[in-house]
$ cat run-v3.txt   # compact mmCIF, C-alpha atoms
# COMPACT_ATOMS: atom_id res chain seq x y z
CA MET A 1 90.27 10.04 125.33
CA THR A 2 93.80 10.12 126.77
CA PRO A 3 94.44 10.61 130.51
CA ASP A 4 95.73 14.18 129.79
CA GLU A 5 92.56 15.02 127.86
CA GLU A 6 90.41 13.62 130.65
CA ARG A 7 92.30 15.61 133.30
CA PHE A 8 92.10 18.81 131.27
CA THR A 9 88.36 18.32 130.63
CA ALA A 10 87.75 17.80 134.36
CA ILE A 11 89.76 20.93 135.22
CA TYR A 12 87.95 22.95 132.54
CA ASP A 13 84.49 21.78 133.60
CA GLY A 14 85.23 22.40 137.28
CA CYS A 15 86.94 25.78 137.00
CA ARG A 16 85.76 27.56 133.85
CA GLN A 17 82.92 29.43 135.57
CA HIS A 18 85.20 30.58 138.40
CA VAL A 19 87.86 31.83 135.99
CA TRP A 20 85.19 33.58 133.91
CA ALA A 21 83.69 35.25 137.02
CA TYR A 22 87.15 36.39 138.08
CA ALA A 23 87.81 37.87 134.64
CA VAL A 24 84.42 39.62 134.59
CA SER A 25 85.07 41.11 138.02
CA ARG A 26 88.43 42.51 136.88
CA ALA A 27 87.83 43.51 133.25
CA GLY A 28 84.17 43.16 132.30
CA ARG A 29 82.22 40.77 130.13
CA GLN A 30 83.76 41.85 126.83
CA VAL A 31 87.20 40.63 127.84
CA ALA A 32 86.22 37.68 130.03
CA ASP A 33 85.73 35.10 127.28
CA GLU A 34 89.11 35.89 125.76
CA VAL A 35 90.81 35.70 129.17
CA VAL A 36 89.19 32.31 129.85
CA SER A 37 90.32 31.02 126.45
CA GLU A 38 93.90 32.18 126.95
CA THR A 39 93.99 30.88 130.53
CA PHE A 40 92.91 27.40 129.51
CA ALA A 41 95.25 27.44 126.49
CA VAL A 42 98.10 28.01 128.96
CA ALA A 43 96.72 25.26 131.19
CA TRP A 44 96.66 22.84 128.25
CA ARG A 45 100.24 23.69 127.23
CA ARG A 46 101.46 23.38 130.82
CA LEU A 47 99.15 20.61 131.99
CA ALA A 48 101.98 18.88 133.83
CA ASP A 49 102.50 22.07 135.91
CA VAL A 50 98.84 22.44 136.90
CA PRO A 51 98.57 21.50 140.58
CA ASP A 52 95.65 19.95 142.39
CA PRO A 53 93.49 21.93 143.18
CA ALA A 54 93.84 23.80 139.91
CA LEU A 55 91.70 26.87 140.62
CA PRO A 56 94.30 29.01 142.43
CA TRP A 57 96.85 28.30 139.71
CA LEU A 58 94.31 29.09 136.98
CA LEU A 59 93.34 32.36 138.67
CA GLY A 60 97.02 33.29 138.79
CA VAL A 61 97.28 32.60 135.07
CA ALA A 62 94.11 34.63 134.44
CA ARG A 63 95.62 37.49 136.45
CA ASN A 64 98.73 37.40 134.26
CA VAL A 65 96.62 37.28 131.09
CA LEU A 66 94.67 40.33 132.30
CA ARG A 67 97.92 42.15 133.10
CA ASP A 68 99.22 41.39 129.60
CA HIS A 69 95.95 42.65 128.08
CA HIS A 70 96.24 45.84 130.10
CA ARG A 71 99.84 46.37 128.97
CA ALA A 72 98.86 45.79 125.36
CA ASP A 73 96.02 48.32 125.72
CA VAL A 74 98.40 50.88 127.20
CA ARG A 75 100.88 50.31 124.36
CA ARG A 76 98.09 50.61 121.78
CA GLU A 77 96.77 53.82 123.34
CA SER A 78 100.26 55.27 123.61
CA PHE A 79 100.97 54.44 119.99
CA ALA A 80 97.65 55.93 118.88
CA PHE A 81 98.39 59.09 120.86
CA GLU A 82 101.86 59.42 119.32
CA VAL A 83 100.55 58.85 115.81
CA GLY A 84 97.85 61.42 116.47
CA ARG A 85 100.41 63.89 117.76
CA TRP A 86 102.61 63.48 114.71
CA THR A 87 99.80 63.49 112.16
CA ALA A 88 97.41 66.05 113.64
CA ARG A 89 97.42 69.13 111.51
CA PRO A 90 95.65 72.38 112.08
CA ALA A 91 93.07 73.32 109.51
CA GLY A 92 94.37 75.51 106.75
CA ASP A 93 95.69 75.53 103.25
CA ILE A 94 97.91 72.50 102.81
CA ALA A 95 99.88 74.16 100.01
CA GLU A 96 100.80 77.06 102.30
CA ASP A 97 101.76 74.64 105.08
CA VAL A 98 103.99 72.68 102.71
CA ALA A 99 105.60 75.84 101.37
CA GLU A 100 106.29 77.09 104.89
CA TRP A 101 107.63 73.71 105.95
CA LEU A 102 109.94 73.59 102.94
CA ALA A 103 111.16 77.10 103.72
CA VAL A 104 111.95 76.07 107.30
CA LEU A 105 113.77 72.96 106.07
CA ARG A 106 115.79 75.04 103.58
CA ALA A 107 116.69 77.50 106.32
CA MET A 108 117.63 74.62 108.65
CA ALA A 109 119.90 73.19 105.95
CA THR A 110 121.95 76.39 105.93
CA LEU A 111 122.64 76.25 109.67
CA PRO A 112 125.73 74.70 111.26
CA GLU A 113 125.28 71.13 112.50
CA GLY A 114 125.36 72.22 116.16
CA ASP A 115 122.49 74.66 115.65
CA ARG A 116 120.44 72.07 113.77
CA GLU A 117 121.01 69.50 116.50
CA ILE A 118 119.83 71.82 119.27
CA LEU A 119 116.78 72.98 117.34
CA ILE A 120 115.83 69.42 116.45
CA LEU A 121 116.22 68.22 120.04
CA VAL A 122 114.02 70.99 121.40
CA ALA A 123 111.46 71.46 118.63
CA TRP A 124 111.08 68.06 117.04
CA HIS A 125 111.94 65.75 119.90
CA GLY A 126 110.26 67.95 122.50
CA LEU A 127 113.15 67.96 124.97
CA THR A 128 113.39 70.68 127.56
CA PRO A 129 116.54 72.79 127.44
CA ARG A 130 117.73 70.96 130.57
CA ASP A 131 117.32 67.55 128.89
CA ALA A 132 118.80 68.77 125.60
CA ALA A 133 121.81 70.04 127.56
CA LYS A 134 122.39 66.51 128.87
CA VAL A 135 122.30 65.18 125.32
CA VAL A 136 124.82 67.65 123.92
CA GLY A 137 126.97 67.67 127.06
CA CYS A 138 126.74 71.25 128.28
CA SER A 139 125.06 73.13 131.10
CA PRO A 140 121.40 74.10 130.81
CA ALA A 141 122.38 77.78 130.86
CA ALA A 142 124.86 77.28 128.01
CA LEU A 143 122.24 75.37 126.03
CA ARG A 144 119.70 78.18 126.45
CA VAL A 145 122.23 80.63 125.04
CA ARG A 146 123.06 78.28 122.16
CA LEU A 147 119.35 77.71 121.53
CA HIS A 148 118.65 81.45 121.47
CA ARG A 149 121.48 82.01 118.99
CA ALA A 150 120.39 79.06 116.85
CA ARG A 151 116.83 80.41 116.71
CA ARG A 152 118.08 83.83 115.65
CA ARG A 153 120.28 82.30 112.95
CA LEU A 154 117.30 80.25 111.76
CA LEU A 155 115.13 83.35 111.51
CA ARG A 156 117.87 85.18 109.59
CA ALA A 157 118.26 82.19 107.26
CA ALA A 158 114.50 82.13 106.72
CA ASP A 159 114.56 85.84 105.90
CA ALA A 160 117.43 85.32 103.44
CA ALA A 161 115.73 82.36 101.74
CA PRO A 162 114.25 82.85 98.28
CA LYS A 163 110.86 84.49 98.63
CA GLU A 164 109.14 82.31 96.02
CA THR A 165 106.65 79.75 97.30
CA GLY A 166 104.82 77.63 94.79
CA ARG A 167 103.62 79.82 91.91
CA GLY A 168 103.20 82.94 93.98
CA VAL A 169 105.79 85.16 95.56
CA ARG A 170 105.90 85.81 99.27
CA PRO A 171 105.58 89.54 99.96
CA SER A 172 108.89 91.12 100.96
CA GLY A 173 109.45 91.39 104.66
CA THR A 174 107.52 88.20 105.41
CA ARG A 175 109.03 84.91 106.39
CA PRO A 176 107.75 81.43 107.01
CA GLN A 177 106.28 80.75 110.40
CA VAL A 178 109.03 79.09 112.40
CA GLY A 179 107.28 79.33 115.73
CA ILE A 180 107.78 75.66 116.41
CA ILE A 181 111.50 76.36 116.43
CA GLY A 182 111.86 80.10 116.67
CA GLU A 183 110.71 82.28 119.50
CA GLU A 184 108.48 84.44 117.33
CA MET A 185 105.87 83.72 114.70
CA SER A 186 105.09 86.15 111.91

$ encode --input "run-v3.txt" --output "structure tokens"
Amino acid sequence: MTPDEERFTAIYDGCRQHVWAYAVSRAGRQVADEVVSETFAVAWRRLADVPDPALPWLLGVARNVLRDHHRADVRRESFAFEVGRWTARPAGDIAEDVAEWLAVLRAMATLPEGDREILILVAWHGLTPRDAAKVVGCSPAALRVRLHRARRRLLRAADAAPKETGRGVRPSGTRPQVGIIGEEMS
């Protein structure tokens, strides 16, 4: 056994239980073993930096490992929430949803670029009119007016769109639900 291996073994044997107890007290038993493993992996890689006594240094490493685990959990939860937000669909007929979505997209395609940009910022990116105004470089009041006009043009474009959806025909006077973008839903 080399001197480094002997030193590491002595540090591990003398401090493992303390590091494990610290990890359990901060994160529970399920995470403690992983924290101990990562802490001692860092200690092995940086053996020359480990002071004597090693315990305070090891507990600092364990604290950082726990912080990194917490950050990773937050990122994972945030990602899962976002994916859920984007993929969650209300119950209903998928064919009708697709037809309505296509009708909205067709109507959006007929709008001027400025209208599309405002509607996308507010409806799809979830910005408030105040934040959207910062993006497009106008006052919040001006953006609200532009948003109102864009919504009205979208509803008119949806009304003017071909009434055929799938194999059936949409009854006259009806339009796709554009409530996510428009102010009213039919």

$ atom_distance --input "run-v3.txt" --atom1 "CA of Leu154 (chain A)" --atom2 "CA of Asp93 (chain A)"
23.7 Å

$ atom_distance --input "run-v3.txt" --atom1 "CA of Arg7 (chain A)" --atom2 "CA of Asp68 (chain A)"
26.9 Å

$ closest_residue --input "run-v3.txt" --among "A:Pro3, A:Leu66, A:Arg46, A:Val136" --to "Gly28 (chain A)" --atoms "all atoms listed in the file"
A:Leu66

$ atom_distance --input "run-v3.txt" --atom1 "CA of Leu111 (chain A)" --atom2 "CA of Lys134 (chain A)"
21.5 Å

$ closest_residue --input "run-v3.txt" --among "A:Val35, A:Ile120, A:Leu102, A:Met108" --to "Arg153 (chain A)" --atoms "only C-alpha atoms"
A:Met108

$ closest_residue --input "run-v3.txt" --among "A:Ala161, A:Val135, A:Ala23, A:Ala48" --to "Asp4 (chain A)" --atoms "all atoms listed in the file"
A:Ala48

$ closest_residue --input "run-v3.txt" --among "A:Asp159, A:Asp73, A:Asp131, A:Glu6" --to "Ala103 (chain A)" --atoms "only C-alpha atoms"
A:Asp159

$ closest_residue --input "run-v3.txt" --among "A:Ile11, A:Ile94, A:Val24, A:Cys138" --to "Pro53 (chain A)" --atoms "all atoms listed in the file"
A:Ile11

$ closest_residue --input "run-v3.txt" --among "A:Arg106, A:Arg146, A:His125, A:Arg26" --to "Ala160 (chain A)" --atoms "only C-alpha atoms"
A:Arg106

$ residues_around --input "run-v3.txt" --residues "Trp20 (chain A)" --least-positions-apart "3" --cutoff "7 Å" --atoms "only C-alpha atoms" --output "list in words"
Arg16, Gln17, Ala23, Val24, Ala32, Asp33 and Val36 of chain A

$ residues_near_point --input "run-v3.txt" --point "(88.1, 30.5, 137.0)" --cutoff "10 Å" --atoms "all atoms listed in the file" --output "list in words"
Ile11, Tyr12, Gly14, Cys15, Arg16, Gln17, His18, Val19, Trp20, Ala21, Tyr22, Ala23, Val35, Val36, Thr39, Phe40, Ala54, Leu55, Pro56, Trp57, Leu58, Leu59, Gly60, Val61 and Ala62 of chain A

$ write_last_selection --input "run-v3.txt" --atoms "C-alpha atoms" --output "PDB file, in the frame of the given file"
ATOM      1  CA  ILE A  11      89.760  20.930 135.220  1.00  0.00           C
ATOM      2  CA  TYR A  12      87.950  22.950 132.540  1.00  0.00           C
ATOM      3  CA  GLY A  14      85.230  22.400 137.280  1.00  0.00           C
ATOM      4  CA  CYS A  15      86.940  25.780 137.000  1.00  0.00           C
ATOM      5  CA  ARG A  16      85.760  27.560 133.850  1.00  0.00           C
ATOM      6  CA  GLN A  17      82.920  29.430 135.570  1.00  0.00           C
ATOM      7  CA  HIS A  18      85.200  30.580 138.400  1.00  0.00           C
ATOM      8  CA  VAL A  19      87.860  31.830 135.990  1.00  0.00           C
ATOM      9  CA  TRP A  20      85.190  33.580 133.910  1.00  0.00           C
ATOM     10  CA  ALA A  21      83.690  35.250 137.020  1.00  0.00           C
ATOM     11  CA  TYR A  22      87.150  36.390 138.080  1.00  0.00           C
ATOM     12  CA  ALA A  23      87.810  37.870 134.640  1.00  0.00           C
ATOM     13  CA  VAL A  35      90.810  35.700 129.170  1.00  0.00           C
ATOM     14  CA  VAL A  36      89.190  32.310 129.850  1.00  0.00           C
ATOM     15  CA  THR A  39      93.990  30.880 130.530  1.00  0.00           C
ATOM     16  CA  PHE A  40      92.910  27.400 129.510  1.00  0.00           C
ATOM     17  CA  ALA A  54      93.840  23.800 139.910  1.00  0.00           C
ATOM     18  CA  LEU A  55      91.700  26.870 140.620  1.00  0.00           C
ATOM     19  CA  PRO A  56      94.300  29.010 142.430  1.00  0.00           C
ATOM     20  CA  TRP A  57      96.850  28.300 139.710  1.00  0.00           C
ATOM     21  CA  LEU A  58      94.310  29.090 136.980  1.00  0.00           C
ATOM     22  CA  LEU A  59      93.340  32.360 138.670  1.00  0.00           C
ATOM     23  CA  GLY A  60      97.020  33.290 138.790  1.00  0.00           C
ATOM     24  CA  VAL A  61      97.280  32.600 135.070  1.00  0.00           C
ATOM     25  CA  ALA A  62      94.110  34.630 134.440  1.00  0.00           C
TER      26      ALA A  62
END
